[in-house]
file coords.tsv (TSV, C-alpha atoms and all ligand atoms)
chain	number	residue	atom	x	y	z
A	15	MET	CA	90.49	85.53	77.82
A	16	THR	CA	89.27	88.21	80.22
A	17	ARG	CA	91.19	91.46	80.12
A	18	ARG	CA	93.77	91.86	82.84
A	19	ARG	CA	93.01	94.57	85.39
A	20	TYR	CA	95.68	96.69	87.00
A	21	LEU	CA	95.50	99.18	89.85
A	22	VAL	CA	98.06	101.96	89.48
A	23	THR	CA	98.61	104.17	92.52
A	24	GLY	CA	100.00	107.57	91.61
A	25	GLY	CA	99.06	106.93	88.00
A	26	ALA	CA	98.51	110.65	87.37
A	27	GLY	CA	102.17	111.42	88.11
A	28	PHE	CA	105.20	111.41	85.82
A	29	VAL	CA	106.33	107.77	85.75
A	30	GLY	CA	102.95	106.36	86.84
A	31	SER	CA	101.07	107.98	83.95
A	32	HIS	CA	103.55	106.66	81.39
A	33	VAL	CA	103.24	103.14	82.84
A	34	ALA	CA	99.42	103.40	82.91
A	35	LEU	CA	99.54	104.37	79.23
A	36	ALA	CA	101.85	101.44	78.38
A	37	LEU	CA	99.45	99.03	80.14
A	38	ALA	CA	96.42	100.51	78.39
A	39	GLU	CA	98.21	100.12	75.06
A	40	ARG	CA	98.65	96.44	75.90
A	41	ASP	CA	94.87	96.18	75.97
A	42	CYS	CA	94.61	95.97	79.76
A	43	ASP	CA	92.03	97.61	82.04
A	44	VAL	CA	93.74	100.25	84.13
A	45	VAL	CA	92.36	101.94	87.24
A	46	VAL	CA	94.36	104.81	88.72
A	47	ILE	CA	94.13	105.90	92.33
A	48	ASP	CA	95.68	109.34	92.83
A	49	ASN	CA	95.04	112.18	95.27
A	50	LEU	CA	95.98	114.66	92.51
A	51	ARG	CA	98.22	116.63	94.87
A	52	GLN	CA	101.19	116.08	92.58
A	53	GLY	CA	99.46	114.20	89.79
A	54	HIS	CA	97.33	115.73	87.05
A	55	ARG	CA	93.81	114.81	85.97
A	56	GLU	CA	94.91	115.58	82.38
A	57	ALA	CA	97.55	112.82	82.62
A	58	ILE	CA	94.76	110.21	82.77
A	59	LEU	CA	94.25	109.34	79.13
A	60	PRO	CA	90.92	108.11	77.67
A	61	GLY	CA	90.12	104.51	78.55
A	62	THR	CA	91.75	104.71	81.98
A	63	LYS	CA	89.58	105.21	85.06
A	64	LEU	CA	90.62	107.68	87.76
A	65	ILE	CA	89.60	107.27	91.39
A	66	GLU	CA	90.50	110.45	93.24
A	67	ALA	CA	91.60	109.21	96.67
A	68	ASP	CA	94.65	109.00	98.89
A	69	ILE	CA	96.32	105.63	99.36
A	70	ALA	CA	96.42	106.37	103.10
A	71	ASP	CA	92.61	106.14	103.01
A	72	ILE	CA	92.47	102.42	103.78
A	73	ALA	CA	88.66	102.27	103.49
A	74	ALA	CA	88.90	103.63	99.93
A	75	VAL	CA	91.75	101.24	99.06
A	76	ASP	CA	89.82	98.30	100.55
A	77	ALA	CA	86.73	99.15	98.54
A	78	ILE	CA	88.76	99.33	95.31
A	79	LEU	CA	90.67	96.11	95.96
A	80	ALA	CA	87.47	94.27	96.93
A	81	ASP	CA	86.27	94.95	93.38
A	82	GLY	CA	88.72	92.43	91.89
A	83	PRO	CA	90.18	90.32	90.55
A	84	TRP	CA	93.38	92.34	90.02
A	85	HIS	CA	96.30	91.02	88.02
A	86	ALA	CA	98.66	93.38	89.84
A	87	VAL	CA	98.98	96.57	91.84
A	88	LEU	CA	101.65	99.00	90.64
A	89	HIS	CA	102.61	101.46	93.36
A	90	PHE	CA	103.94	104.89	92.37
A	91	ALA	CA	102.14	107.21	94.80
A	92	ALA	CA	104.79	108.80	97.01
A	93	LEU	CA	106.48	111.95	98.14
A	94	SER	CA	109.73	112.03	96.17
A	95	LEU	CA	111.94	114.99	97.04
A	96	VAL	CA	115.16	113.97	98.77
A	97	GLY	CA	115.85	117.48	100.13
A	98	GLU	CA	112.32	117.87	101.52
A	99	SER	CA	112.65	114.47	103.21
A	100	MET	CA	115.74	115.74	105.06
A	101	ARG	CA	113.62	118.53	106.57
A	102	GLU	CA	110.46	116.48	107.20
A	103	PRO	CA	111.61	112.91	107.84
A	104	MET	CA	108.55	111.69	109.70
A	105	ARG	CA	106.22	113.03	107.02
A	106	TYR	CA	108.14	110.99	104.44
A	107	LEU	CA	108.28	107.85	106.53
A	108	THR	CA	104.56	108.09	107.21
A	109	ALA	CA	103.38	109.05	103.71
A	110	ASN	CA	105.66	106.60	101.93
A	111	ALA	CA	106.59	103.74	104.24
A	112	SER	CA	103.51	103.50	106.49
A	113	ALA	CA	101.06	104.01	103.66
A	114	GLY	CA	103.03	101.66	101.38
A	115	ILE	CA	103.08	98.90	103.99
A	116	ALA	CA	99.35	99.36	104.65
A	117	LEU	CA	98.77	99.04	100.89
A	118	ILE	CA	100.78	95.80	100.80
A	119	ASP	CA	98.73	94.51	103.73
A	120	ALA	CA	95.53	95.35	101.86
A	121	CYS	CA	96.84	93.51	98.78
A	122	VAL	CA	97.52	90.43	100.90
A	123	ARG	CA	94.03	90.59	102.46
A	124	HIS	CA	92.36	90.88	99.06
A	125	GLY	CA	94.45	88.16	97.42
A	126	VAL	CA	96.24	90.41	94.92
A	127	PRO	CA	98.97	88.15	93.49
A	128	ARG	CA	101.50	90.68	92.11
A	129	PHE	CA	102.92	94.03	93.24
A	130	VAL	CA	105.31	96.38	91.44
A	131	LEU	CA	107.13	99.04	93.47
A	132	SER	CA	108.52	102.27	92.10
A	133	SER	CA	111.80	102.26	94.04
A	134	THR	CA	114.92	104.36	93.74
A	135	ALA	CA	118.69	104.59	93.40
A	136	ALA	CA	118.50	106.74	96.55
A	137	LEU	CA	118.66	103.42	98.43
A	138	PHE	CA	122.36	103.28	97.73
A	139	GLY	CA	123.33	106.62	99.29
A	140	MET	CA	126.99	107.30	98.50
A	141	PRO	CA	127.93	104.09	96.66
A	142	ASN	CA	131.48	102.83	96.91
A	143	ARG	CA	131.52	101.28	93.45
A	144	ILE	CA	130.15	102.14	90.03
A	145	PRO	CA	128.15	100.79	88.24
A	146	ILE	CA	125.79	99.86	91.05
A	147	ALA	CA	124.46	96.30	91.06
A	148	GLU	CA	121.27	95.13	92.76
A	149	ASN	CA	123.07	93.39	95.61
A	150	ASP	CA	125.47	96.26	96.42
A	151	PRO	CA	125.16	97.57	99.98
A	152	VAL	CA	121.98	99.51	100.70
A	153	ARG	CA	122.69	102.64	102.74
A	154	PRO	CA	119.95	105.21	102.22
A	155	GLY	CA	121.25	108.76	102.63
A	156	SER	CA	117.81	110.26	103.24
A	157	PRO	CA	114.43	109.46	104.76
A	158	TYR	CA	113.11	109.32	101.18
A	159	GLY	CA	115.53	106.51	100.27
A	160	GLU	CA	114.90	104.83	103.64
A	161	SER	CA	111.13	104.92	103.10
A	162	LYS	CA	111.46	103.02	99.80
A	163	TRP	CA	113.82	100.51	101.40
A	164	MET	CA	111.27	99.88	104.18
A	165	ILE	CA	108.66	99.08	101.53
A	166	GLU	CA	111.10	96.76	99.74
A	167	ARG	CA	111.65	94.91	103.02
A	168	ALA	CA	107.91	94.65	103.65
A	169	LEU	CA	107.56	93.14	100.16
A	170	PHE	CA	110.26	90.60	100.93
A	171	TRP	CA	108.25	89.36	103.91
A	172	ALA	CA	104.93	89.58	102.07
A	173	ASP	CA	106.35	87.18	99.48
A	174	ARG	CA	107.99	84.87	101.97
A	175	ILE	CA	104.98	84.58	104.27
A	176	HIS	CA	101.97	85.31	102.05
A	177	GLY	CA	103.24	84.50	98.55
A	178	LEU	CA	102.71	88.06	97.21
A	179	ARG	CA	105.17	88.29	94.33
A	180	SER	CA	106.82	91.66	93.80
A	181	ALA	CA	109.12	93.60	91.50
A	182	CYS	CA	111.21	96.32	93.15
A	183	LEU	CA	112.34	98.64	90.36
A	184	ARG	CA	115.02	101.08	91.40
A	185	TYR	CA	114.99	103.99	89.01
A	186	PHE	CA	118.05	106.06	88.43
A	187	ASN	CA	117.19	109.45	86.79
A	188	ALA	CA	113.83	109.23	85.01
A	189	ALA	CA	113.69	111.69	82.11
A	190	GLY	CA	112.08	112.41	78.74
A	191	ALA	CA	108.41	112.34	77.80
A	192	ASP	CA	105.99	110.20	75.81
A	193	PRO	CA	107.50	110.13	72.28
A	194	GLU	CA	104.02	110.82	70.86
A	195	GLY	CA	103.66	113.93	73.03
A	196	ARG	CA	100.61	112.79	75.02
A	197	LEU	CA	102.32	112.98	78.42
A	198	GLY	CA	105.26	114.79	80.00
A	199	GLU	CA	106.96	115.82	83.23
A	200	ASP	CA	105.06	118.43	85.23
A	201	HIS	CA	106.25	118.84	88.82
A	202	HIS	CA	105.43	121.79	91.07
A	203	PRO	CA	107.95	122.85	92.14
A	204	GLU	CA	110.24	121.40	89.47
A	205	THR	CA	113.58	120.37	90.93
A	206	HIS	CA	114.98	118.08	88.22
A	207	LEU	CA	117.89	119.04	86.03
A	208	ILE	CA	116.58	118.41	82.50
A	209	PRO	CA	113.28	120.33	82.78
A	210	LEU	CA	115.05	123.18	84.60
A	211	ALA	CA	117.74	123.38	81.91
A	212	ILE	CA	115.00	123.44	79.26
A	213	ASP	CA	113.18	126.25	81.11
A	214	ALA	CA	116.44	128.21	81.22
A	215	ALA	CA	116.92	127.73	77.45
A	216	LEU	CA	113.34	128.84	76.82
A	217	GLY	CA	113.86	131.98	78.90
A	218	ARG	CA	111.26	130.83	81.42
A	219	SER	CA	113.58	131.22	84.42
A	220	GLY	CA	116.41	133.43	85.55
A	221	GLY	CA	118.85	130.69	84.52
A	222	LEU	CA	119.99	127.32	85.83
A	223	SER	CA	122.00	126.89	89.03
A	224	VAL	CA	124.67	124.21	88.68
A	225	PHE	CA	125.14	122.64	92.10
A	226	GLY	CA	128.93	122.45	92.35
A	227	ASN	CA	131.77	121.98	89.87
A	228	ASP	CA	134.39	120.74	92.31
A	229	TYR	CA	133.43	117.06	92.39
A	230	ASP	CA	135.93	114.36	91.58
A	231	THR	CA	134.55	113.85	88.05
A	232	PRO	CA	136.08	114.74	84.65
A	233	ASP	CA	134.36	118.16	84.39
A	234	GLY	CA	133.78	118.62	88.13
A	235	THR	CA	129.96	118.33	87.95
A	236	CYS	CA	127.87	115.38	89.13
A	237	ILE	CA	127.25	112.42	86.86
A	238	ARG	CA	123.89	110.69	86.66
A	239	ASP	CA	122.41	107.79	84.69
A	240	TYR	CA	119.36	109.18	82.86
A	241	ILE	CA	116.70	106.76	81.68
A	242	HIS	CA	113.83	107.54	79.34
A	243	VAL	CA	110.40	107.21	80.90
A	244	PHE	CA	109.24	105.16	77.87
A	245	ASP	CA	111.99	102.61	78.51
A	246	LEU	CA	111.13	102.63	82.22
A	247	ALA	CA	107.52	101.84	81.35
A	248	GLN	CA	108.58	98.94	79.11
A	249	ALA	CA	110.74	97.60	81.96
A	250	HIS	CA	107.63	97.51	84.17
A	251	LEU	CA	105.80	95.37	81.63
A	252	LEU	CA	108.73	92.95	81.40
A	253	ALA	CA	109.12	92.80	85.18
A	254	LEU	CA	105.41	91.99	85.49
A	255	ASP	CA	105.93	88.95	83.27
A	256	GLN	CA	108.69	87.74	85.61
A	257	LEU	CA	106.18	87.76	88.47
A	258	ASP	CA	104.48	84.72	86.96
A	259	HIS	CA	107.49	82.82	88.30
A	260	ARG	CA	109.16	84.74	91.17
A	261	SER	CA	109.86	88.09	92.78
A	262	VAL	CA	112.57	90.31	91.26
A	263	THR	CA	114.62	93.40	92.05
A	264	TYR	CA	116.14	95.42	89.21
A	265	ASN	CA	118.25	98.55	88.92
A	266	LEU	CA	116.98	100.62	86.00
A	267	GLY	CA	119.33	102.91	84.13
A	268	ASN	CA	121.29	102.94	80.90
A	269	SER	CA	124.58	101.86	82.51
A	270	SER	CA	126.13	105.13	81.35
A	271	GLY	CA	126.52	108.55	82.92
A	272	HIS	CA	126.23	112.20	81.90
A	273	SER	CA	127.48	115.21	83.82
A	274	VAL	CA	125.43	118.33	84.53
A	275	LEU	CA	127.50	120.15	81.88
A	276	ASP	CA	126.76	117.34	79.36
A	277	VAL	CA	123.06	117.91	79.97
A	278	ILE	CA	123.42	121.67	79.52
A	279	ARG	CA	125.29	121.14	76.25
A	280	THR	CA	122.66	118.71	74.96
A	281	VAL	CA	119.78	121.02	75.85
A	282	ALA	CA	121.55	123.89	74.06
A	283	GLU	CA	122.07	121.74	70.94
A	284	ILE	CA	118.52	120.43	70.79
A	285	SER	CA	116.79	123.72	71.63
A	286	GLY	CA	119.14	125.76	69.45
A	287	ARG	CA	119.45	128.24	72.33
A	288	PRO	CA	122.01	128.84	75.03
A	289	VAL	CA	121.29	127.60	78.56
A	290	PRO	CA	122.12	130.49	80.90
A	291	HIS	CA	123.69	129.00	84.02
A	292	GLU	CA	125.91	129.78	86.96
A	293	ILE	CA	127.91	127.58	89.28
A	294	VAL	CA	126.63	127.66	92.86
A	295	ALA	CA	127.38	125.64	96.00
A	296	ARG	CA	126.97	121.88	96.10
A	297	ARG	CA	123.51	120.56	97.00
A	298	PRO	CA	123.90	118.67	100.28
A	299	GLY	CA	123.68	114.90	99.93
A	300	ASP	CA	124.40	114.71	96.17
A	301	PRO	CA	126.64	111.70	95.39
A	302	PRO	CA	129.26	112.61	92.73
A	303	VAL	CA	128.42	109.67	90.45
A	304	LEU	CA	125.38	107.38	90.20
A	305	ILE	CA	125.38	104.84	87.38
A	306	ALA	CA	123.29	101.68	87.32
A	307	SER	CA	124.33	98.27	86.22
A	308	ALA	CA	121.27	97.28	84.19
A	309	ALA	CA	122.85	93.94	83.29
A	310	LEU	CA	120.42	91.90	85.39
A	311	ILE	CA	117.15	93.10	83.87
A	312	HIS	CA	118.75	92.91	80.44
A	313	ALA	CA	119.84	89.28	80.99
A	314	GLU	CA	116.61	88.12	82.65
A	315	THR	CA	113.98	89.90	80.54
A	316	GLY	CA	115.74	91.01	77.35
A	317	TRP	CA	114.97	94.66	78.22
A	318	ASN	CA	116.68	96.94	75.74
A	319	PRO	CA	116.26	100.71	75.98
A	320	ARG	CA	114.87	102.28	72.80
A	321	PHE	CA	115.62	105.86	73.84
A	322	GLY	CA	118.94	105.24	75.58
A	323	GLN	CA	120.76	108.33	74.35
A	324	LEU	CA	120.66	111.59	76.29
A	325	ASP	CA	119.61	113.28	73.02
A	326	ASP	CA	116.45	111.14	72.91
A	327	MET	CA	115.49	112.13	76.44
A	328	VAL	CA	116.17	115.82	75.95
A	329	ARG	CA	114.40	115.90	72.57
A	330	THR	CA	111.16	114.39	73.88
A	331	ALA	CA	111.28	116.42	77.11
A	332	PHE	CA	111.92	119.62	75.13
A	333	ALA	CA	109.06	118.95	72.71
A	334	TRP	CA	106.57	118.49	75.55
A	335	ARG	CA	107.76	121.40	77.68
A	336	ASP	CA	107.97	123.76	74.72
A	337	ALA	CA	104.37	122.87	73.79
A	338	HIS	CA	103.11	123.09	77.40
A	339	PRO	CA	104.42	126.30	78.97
A	340	ASN	CA	102.10	125.80	81.94
A	341	GLY	CA	102.34	122.03	82.09
A	342	PHE	CA	99.20	119.94	81.70
A	343	ILE	CA	96.84	122.89	82.07
A	344	SER	CA	98.07	124.56	78.85
B	1	LIG	N1	121.22	119.75	89.45
B	1	LIG	C1	121.76	121.01	89.25
B	1	LIG	N2	120.90	122.07	89.23
B	1	LIG	C2	119.56	121.94	89.39
B	1	LIG	C3	119.02	120.63	89.56
B	1	LIG	C4	119.89	119.57	89.59
B	1	LIG	O1	122.97	121.19	89.11
B	1	LIG	O2	118.83	122.95	89.39
B	1	LIG	C5	122.13	118.58	89.47
B	1	LIG	C6	122.07	117.80	90.77
B	1	LIG	O3	122.99	118.31	91.70
B	1	LIG	C7	122.42	116.38	90.30
B	1	LIG	C8	121.88	116.33	88.86
B	1	LIG	O4	121.72	117.69	88.47
B	1	LIG	O5	123.80	116.22	90.25
B	1	LIG	C9	120.55	115.62	88.75
B	1	LIG	O6	119.68	116.15	89.74
B	1	LIG	P1	118.13	115.84	89.78
B	1	LIG	O7	117.54	116.66	90.89
B	1	LIG	O8	117.55	116.00	88.41
B	1	LIG	O9	118.07	114.28	90.12
B	1	LIG	P2	118.71	113.45	91.34
B	1	LIG	O10	119.99	112.89	90.81
B	1	LIG	O11	118.88	114.35	92.51
B	1	LIG	O12	117.70	112.39	91.57
call {"tool": "encode", "arguments": {"input": "coords.tsv", "output": "structure tokens"}}
result
Amino acid sequence: MTRRRYLVTGGAGFVGSHVALALAERDCDVVVIDNLRQGHREAILPGTKLIEADIADIAAVDAILADGPWHAVLHFAALSLVGESMREPMRYLTANASAGIALIDACVRHGVPRFVLSSTAALFGMPNRIPIAENDPVRPGSPYGESKWMIERALFWADRIHGLRSACLRYFNAAGADPEGRLGEDHHPETHLIPLAIDAALGRSGGLSVFGNDYDTPDGTCIRDYIHVFDLAQAHLLALDQLDHRSVTYNLGNSSGHSVLDVIRTVAEISGRPVPHEIVARRPGDPPVLIASAALIHAETGWNPRFGQLDDMVRTAFAWRDAHPNGFIS
């Protein structure tokens, strides 16, 4: 049997690199296209080919896709900061939605049969029930969430009209790092809670700002559903198998929530150091509670998180960050 070939856009970024690694470990050929603006050359592990290009460069994408056959395209390349998208909506809609739709069009033209989208819980805005199921109302609260929804809709029509099967995977809060320490989370600037709490514990920052403690939650801080990037990657492999039969949409979380103070406590326990922090104003647009119902992917694919505890995520994230004070370059 010939080896399956996959094109991974944004495969030098946090989730994309972990998925590229999981595919490579399944003995597949993996080609990454990444403009390296947020991704890291060092996140491309041996055996995986990197093409340094922007997905908005249609000529480059066409040339890559013409060199098929491809088993699937997995699309991670995107701008991903909700707050930034509220200041620069058209940049987000162009970079994410326009470029994503052009990529889907290119896949259709080149006969790519399967497409996996890195989507987001930000589709749901301020949900009116928890846990959130796949068919709950979609009401993006930001241009970032809207841009992913526009790509999901384009995929719906690409399947219906052209037969391009797709998996829309809506991540809740991706966290952790490769359990073997080969990859980790390295954003510039870093805005996510777990790495910032770790930096505070390691004395690498002036302390963590907790965005509000007056929410309607047990300890007053926001609750999120954290999911280990290893488990996310496994979910991509299982979703790909579903595409042999039909398109799917899955919410991806652990179906359980942790508050900001829970995270601070866990980082303190695992690092053995206090996490200096202060309570500051709420961050605009933060929903008080986001928890996924992961029942559907569990029932349809047998997906079972291996690192489902917050401890697992903090331990692997801490190990990588502690060992890489300057991210991938150290
Ligand atoms: N958060 C915080 N301080 C920070 C970063 C995040 O209190 O410096 C909170 C944020 O308000 C949210 C949770 O931590 O309730 C997770 O935020 P993150 O940015 O990691 O992910 P999001 O849920 O926004 O995708």
call {"tool": "residues_near_ligand", "arguments": {"input": "coords.tsv", "ligand": "ligand LIG 1 (chain B)", "cutoff": "6 Å", "atoms": "all atoms listed in the file", "output": "VMD selection string"}}
result
chain A and resid 187 205 to 207 222 to 225 236 274 297 300
call {"tool": "residues_around", "arguments": {"input": "coords.tsv", "residues": "A:Ser261", "least_positions_apart": "5", "cutoff": "12 Å", "atoms": "only C-alpha atoms", "output": "number ranges by chain"}}
result
A: 127-131, 166, 169-174, 177-183, 253-256
call {"tool": "residues_around", "arguments": {"input": "coords.tsv", "residues": "stretch 114-117 of chain A", "least_positions_apart": "3", "cutoff": "8 Å", "atoms": "all atoms listed in the file", "output": "list of chain:residue names"}}
result
A:Ile69, A:Ala70, A:Ile72, A:Val75, A:Ala109, A:Asn110, A:Ala111, A:Ala120, A:Cys121, A:Ile165, A:Ala168
call {"tool": "axis_aligned_box", "arguments": {"input": "coords.tsv", "around": "stretch 310-326 of chain A", "padding_each_side": "3 Å", "output": "JSON"}}
result
{"center_x": 117.4, "center_y": 100.7, "center_z": 79.1, "size_x": 12.8, "size_y": 31.2, "size_z": 18.6}
call {"tool": "residues_around", "arguments": {"input": "coords.tsv", "residues": "A:Pro288", "least_positions_apart": "5", "cutoff": "9 Å", "atoms": "all atoms listed in the file", "output": "MDAnalysis selection string"}}
result
chainID A and resid 214:216 278:279 281:283
call {"tool": "atom_distance", "arguments": {"input": "coords.tsv", "atom1": "atom CA of A:Asp119", "atom2": "atom CA of A:Trp84"}}
result
14.9 Å
call {"tool": "atom_distance", "arguments": {"input": "coords.tsv", "atom1": "atom CA of A:Gly190", "atom2": "atom CA of A:Thr330"}}
result
5.3 Å
call {"tool": "atom_distance", "arguments": {"input": "coords.tsv", "atom1": "atom CA of A:Gly27", "atom2": "atom CA of A:Ile212"}}
result
19.7 Å
call {"tool": "closest_residue", "arguments": {"input": "coords.tsv", "among": "A:Val22, A:Val262, A:Ala249, A:Ile293", "to": "A:His312", "atoms": "only C-alpha atoms"}}
result
A:Ala249
call {"tool": "closest_residue", "arguments": {"input": "coords.tsv", "among": "A:Gly25, A:Gly221, A:Gly61, A:Gly30", "to": "A:Cys42", "atoms": "only C-alpha atoms"}}
result
A:Gly61
call {"tool": "closest_residue", "arguments": {"input": "coords.tsv", "among": "A:Gly226, A:Pro193, A:Pro319, A:Pro151", "to": "A:Ala136", "atoms": "only C-alpha atoms"}}
result
A:Pro151
call {"tool": "closest_residue", "arguments": {"input": "coords.tsv", "among": "A:Ala73, A:Ala135, A:Ala57, A:Gly271", "to": "A:Val152", "atoms": "only C-alpha atoms"}}
result
A:Ala135
call {"tool": "residues_around", "arguments": {"input": "coords.tsv", "residues": "A:Leu95", "least_positions_apart": "6", "cutoff": "10 Å", "atoms": "all atoms listed in the file", "output": "list in words"}}
result
Tyr106, Ser156, Pro157, Tyr158, Gly159, Thr205 and His206 of chain A
call {"tool": "closest_residue", "arguments": {"input": "coords.tsv", "among": "A:Gly341, A:Gly53, A:Gly155, A:Gly125", "to": "A:Phe90", "atoms": "all atoms listed in the file"}}
result
A:Gly53
call {"tool": "closest_residue", "arguments": {"input": "coords.tsv", "among": "A:Leu275, A:Val44, A:Ile175, A:Leu50", "to": "A:Val289", "atoms": "all atoms listed in the file"}}
result
A:Leu275
